[in-house]
Amino acid sequence: MSGHEFPEPSINPITEPFWEGLRNHRLTLQECTECGEVHYPPEVRCIHCFSRLEWTEVDGTGTIYSYGIVHHPNHPDYFTETPFVLGLVELKEGPKIVTNIVDCDVDDIDIGREVEIAFGDVTHDLTVPQFTLVE
Amino acid sequence: MTEEAVIIGYGEPEYQKDNQRYPLEYLGRAIEEALEDCGLSIRDIDGLSTASFSLNHTVATLARRLGISGEWLLEGSFGGASSISALRRGAKAIERGEAETILVAAADSYTPASHMDMSSDFPQVKRNYLSPYGFGGANGQFALVQQRHMHEYGTTREQLSNISVTQREHAKLNDNALLQDDLTKEDYLSARPIVEPVHLYDCVHPCGGGGAIVLSSRERAEESDTMPVYLRGAREFHNQNPTDPFRPRTGLTECTSVFNQAGVSHDDIDAVQLYDDYPIMAAIQLEDLGFCEKGDGGRFVEETDISIRGELPVNTGGGQLSVGQAGAAGGILGPIEAIRQVRNEGAKRQVSGCETALTTGYGRTHYGGGMSSSVAVLSAEGGS
């Protein structure tokens, strides 16, 4: 709640490739080497068959599975422009990713709408995946 | 359960706003009251389970602070599902002879701001994959769950209002409820948005408080002066939605055998004390336990009289929505109200003829809704 700075994620060896990909404006997620399921957030093994995972770049498109209009964010000193859209996007490859739907009219948001990735450069070193509505 | 353990005492000290006491003090007071209730001393206790987010302790270090020694200790690590899980496991430990008399306790102290701080960073998955989007803590997580439920099943805020409004009427009959102001359907619908579709009266007020329950063997219960409450059945389930963590469904779908275990049907349940962190979750739990069809929770709470005089009284003390949520102690509020009702000690809010009550726990949110669900059936009559 306190602080005016972006709530930076804690990056570790398991998750580093995800954040490294975002810095280069690529959405890379883990794919199971056995069953092919794609994972988000990053995991240590496949949550379907416990096989090893390898990183792969995904399309960055999907549909809105659910959403909320945030009037009271955590870290309100950073997220000062409210309301904004908290989205739960179902990626084409399967996993669901919590994100922000940006550059949109809140009234246009609806479950099922198609979205595509928009890379949010928070700092020089940190980019987060955001999404925009596809016309 | 074949050789049921018996609940012989409970304690629930005053709930308070604004961090008036250190959480360990709420824990101490709850245990003190529970022991007084059943006439035991701390030396009679040989098992302990505790649940807390804000106490910088484990159950082992708390056992030392409280002066409890024994073989059976259980860390309440399932958030709001912890206390019912501990009753279930404690009953099995008593059956196996690992302990004779167990304390199940929970306590925490939060303000709305300190609770938001905690829930932004803990567990770390929230800091890494939710906080960067300003998600709004649990309000944002459950807004996503509620929006999806509204979309899939046509659930409306009008329907859900009946939960908050009815529970507020119950709270007015409970001196320990922190929120007692009038709350109408219109107030609920016109409340300020928090994370839409979650509005003000969908949210609990983080506060300080605690509770404790004494569980013992049938033999011990016969020596006690207090009325025994039989733990007729209890179930728990974890990680119910592994690949779809925001799915509007709890692990209670995997716990419906609790009715058979307890030897009761839905119609035998005289009162239900649900884990109401949000009205939508109370509605979903009613669905998942089979009180109505999946998806019909909204319609069910609209068409059913859930007041203390109604067909299915729900959260008869006001629930977390009106009492307040003392962190992990939110998961012992329901069990204690269930015990109170079965013992006919509900005073102004007593459900007439309440012999059997069902209560649920839910919690330990991660990337999605709660990871853990639990349910217990308590009755004034022992099973055969």
# chains A, B, ... in the order shown; residues from 1 in each chain; ligands from 1
call {"tool": "interface_residues", "arguments": {"of": "chain B", "to": "chain A", "cutoff": "6 Å", "atoms": "only C-alpha atoms", "output": "PyMOL selection string"}}
result
chain B and resi 117+127-128+132-136+143-144+148+194-196
call {"tool": "select_by_dssp", "arguments": {"residues": "chain A", "states": "strand (DSSP E)", "output": "PyMOL selection string"}}
result
chain A and resi 28-32+38-39+53-57+61-70+84-91+96-101+114-121+127-133
call {"tool": "atom_distance", "arguments": {"atom1": "atom CA of Ser373 of chain B", "atom2": "atom CA of Phe53 of chain B"}}
result
17.4 Å
call {"tool": "residues_around", "arguments": {"residues": "Gly60 of chain A", "least_positions_apart": "2", "cutoff": "6 Å", "atoms": "only C-alpha atoms", "output": "list in words"}}
result
Val58, Glu116 and Ile117 of chain A
call {"tool": "residues_around", "arguments": {"residues": "segment 105-116 of chain B", "least_positions_apart": "5", "cutoff": "9 Å", "atoms": "only C-alpha atoms", "output": "PyMOL selection string"}}
result
(chain A and resi 1+74-75) or (chain B and resi 16-27+30-31+48-55+76+82-83+121+136-138+205-214+325-332)
call {"tool": "select_by_dssp", "arguments": {"residues": "segment 204-284 of chain B", "states": "helix (DSSP H, G or I)", "output": "mmCIF file with N, CA and C atoms, in the first residue's frame"}}
result
data_model
loop_
_atom_site.group_PDB
_atom_site.id
_atom_site.type_symbol
_atom_site.label_atom_id
_atom_site.label_comp_id
_atom_site.auth_asym_id
_atom_site.auth_seq_id
_atom_site.Cartn_x
_atom_site.Cartn_y
_atom_site.Cartn_z
ATOM 1 N N ARG B 218 -15.294 -38.906 23.641
ATOM 2 C CA ARG B 218 -16.628 -39.067 24.229
ATOM 3 C C ARG B 218 -16.540 -39.264 25.740
ATOM 4 N N GLU B 219 -15.532 -40.020 26.181
ATOM 5 C CA GLU B 219 -15.385 -40.272 27.622
ATOM 6 C C GLU B 219 -15.191 -38.957 28.362
ATOM 7 N N ARG B 220 -14.300 -38.144 27.837
ATOM 8 C CA ARG B 220 -14.009 -36.868 28.481
ATOM 9 C C ARG B 220 -15.253 -35.967 28.477
ATOM 10 N N ALA B 221 -15.972 -36.010 27.345
ATOM 11 C CA ALA B 221 -17.156 -35.162 27.218
ATOM 12 C C ALA B 221 -18.189 -35.509 28.287
ATOM 13 N N GLU B 222 -18.252 -36.799 28.633
ATOM 14 C CA GLU B 222 -19.235 -37.208 29.642
ATOM 15 C C GLU B 222 -18.917 -36.629 31.013
ATOM 16 N N GLU B 223 -17.636 -36.296 31.245
ATOM 17 C CA GLU B 223 -17.239 -35.697 32.526
ATOM 18 C C GLU B 223 -17.463 -34.187 32.535
ATOM 19 N N GLY B 251 -13.612 -26.301 -3.610
ATOM 20 C CA GLY B 251 -13.349 -27.721 -3.382
ATOM 21 C C GLY B 251 -14.484 -28.445 -2.681
ATOM 22 N N LEU B 252 -15.528 -27.706 -2.293
ATOM 23 C CA LEU B 252 -16.666 -28.361 -1.632
ATOM 24 C C LEU B 252 -17.391 -29.310 -2.572
ATOM 25 N N THR B 253 -17.187 -29.144 -3.896
ATOM 26 C CA THR B 253 -17.778 -30.112 -4.835
ATOM 27 C C THR B 253 -17.257 -31.515 -4.546
ATOM 28 N N GLU B 254 -16.062 -31.600 -3.962
ATOM 29 C CA GLU B 254 -15.437 -32.898 -3.664
ATOM 30 C C GLU B 254 -15.726 -33.341 -2.232
ATOM 31 N N VAL B 258 -19.821 -35.556 2.944
ATOM 32 C CA VAL B 258 -19.959 -35.204 4.359
ATOM 33 C C VAL B 258 -21.375 -35.492 4.866
ATOM 34 N N PHE B 259 -22.367 -35.413 3.964
ATOM 35 C CA PHE B 259 -23.756 -35.674 4.392
ATOM 36 C C PHE B 259 -23.930 -37.146 4.760
ATOM 37 N N ASN B 260 -23.434 -38.041 3.897
ATOM 38 C CA ASN B 260 -23.486 -39.471 4.205
ATOM 39 C C ASN B 260 -22.708 -39.798 5.458
ATOM 40 N N GLN B 261 -21.530 -39.212 5.535
ATOM 41 C CA GLN B 261 -20.661 -39.458 6.688
ATOM 42 C C GLN B 261 -21.387 -39.090 7.985
ATOM 43 N N ALA B 262 -22.100 -37.967 7.932
ATOM 44 C CA ALA B 262 -22.806 -37.478 9.119
ATOM 45 C C ALA B 262 -24.155 -38.183 9.313
ATOM 46 N N HIS B 266 -29.665 -32.934 3.290
ATOM 47 C CA HIS B 266 -29.708 -31.470 3.276
ATOM 48 C C HIS B 266 -30.872 -30.937 4.109
ATOM 49 N N ASP B 267 -31.995 -31.656 4.081
ATOM 50 C CA ASP B 267 -33.177 -31.192 4.806
ATOM 51 C C ASP B 267 -32.993 -31.224 6.324
ATOM 52 N N ASP B 268 -32.017 -32.012 6.786
ATOM 53 C CA ASP B 268 -31.774 -32.099 8.236
ATOM 54 C C ASP B 268 -30.950 -30.925 8.765
ATOM 55 N N PRO B 279 -20.120 -12.331 -0.739
ATOM 56 C CA PRO B 279 -21.427 -12.984 -0.947
ATOM 57 C C PRO B 279 -21.388 -14.010 -2.082
ATOM 58 N N ILE B 280 -20.641 -13.699 -3.150
ATOM 59 C CA ILE B 280 -20.599 -14.644 -4.269
ATOM 60 C C ILE B 280 -20.037 -15.984 -3.811
ATOM 61 N N MET B 281 -19.066 -15.957 -2.877
ATOM 62 C CA MET B 281 -18.494 -17.233 -2.430
ATOM 63 C C MET B 281 -19.470 -17.993 -1.539
ATOM 64 N N ALA B 282 -20.287 -17.264 -0.781
ATOM 65 C CA ALA B 282 -21.322 -17.946 0.002
ATOM 66 C C ALA B 282 -22.301 -18.647 -0.947
ATOM 67 N N ALA B 283 -22.699 -17.944 -2.018
ATOM 68 C CA ALA B 283 -23.636 -18.527 -2.987
ATOM 69 C C ALA B 283 -23.010 -19.741 -3.674
ATOM 70 N N ILE B 284 -21.745 -19.618 -4.050
ATOM 71 C CA ILE B 284 -21.061 -20.730 -4.736
ATOM 72 C C ILE B 284 -20.937 -21.938 -3.806
#
call {"tool": "atom_distance", "arguments": {"atom1": "atom CA of Gly319 of chain B", "atom2": "atom CA of Pro242 of chain B"}}
result
28.6 Å
call {"tool": "atom_distance", "arguments": {"atom1": "atom CA of Arg113 of chain A", "atom2": "atom CA of Thr132 of chain A"}}
result
10.0 Å
call {"tool": "closest_residue", "arguments": {"among": "A:Glu31, A:Glu114, A:Glu43, A:Glu5", "to": "Thr56 of chain A", "atoms": "only C-alpha atoms"}}
result
A:Glu31
call {"tool": "closest_residue", "arguments": {"among": "B:Glu311, B:Glu302, B:Asp277, B:Glu345", "to": "Thr156 of chain B", "atoms": "only C-alpha atoms"}}
result
B:Glu302
call {"tool": "closest_residue", "arguments": {"among": "A:Cys49, A:Thr33, A:Val38, A:Val44", "to": "Asn12 of chain A", "atoms": "only C-alpha atoms"}}
result
A:Val44
call {"tool": "closest_residue", "arguments": {"among": "B:Gly9, B:Ile45, B:Thr360, B:Cys255", "to": "Glu33 of chain B", "atoms": "only C-alpha atoms"}}
result
B:Gly9
call {"tool": "residues_around", "arguments": {"residues": "Leu231 of chain B", "least_positions_apart": "4", "cutoff": "10 Å", "atoms": "only C-alpha atoms", "output": "list in words"}}
result
Met1, Glu3, Glu4, Ala5, Val6, Ile7, Leu87, Arg88, Ala91, Leu215, Ala262, Ile339, Ala376, Val377, Leu378, Ser379, Ala380, Glu381, Gly382 and Gly383 of chain B
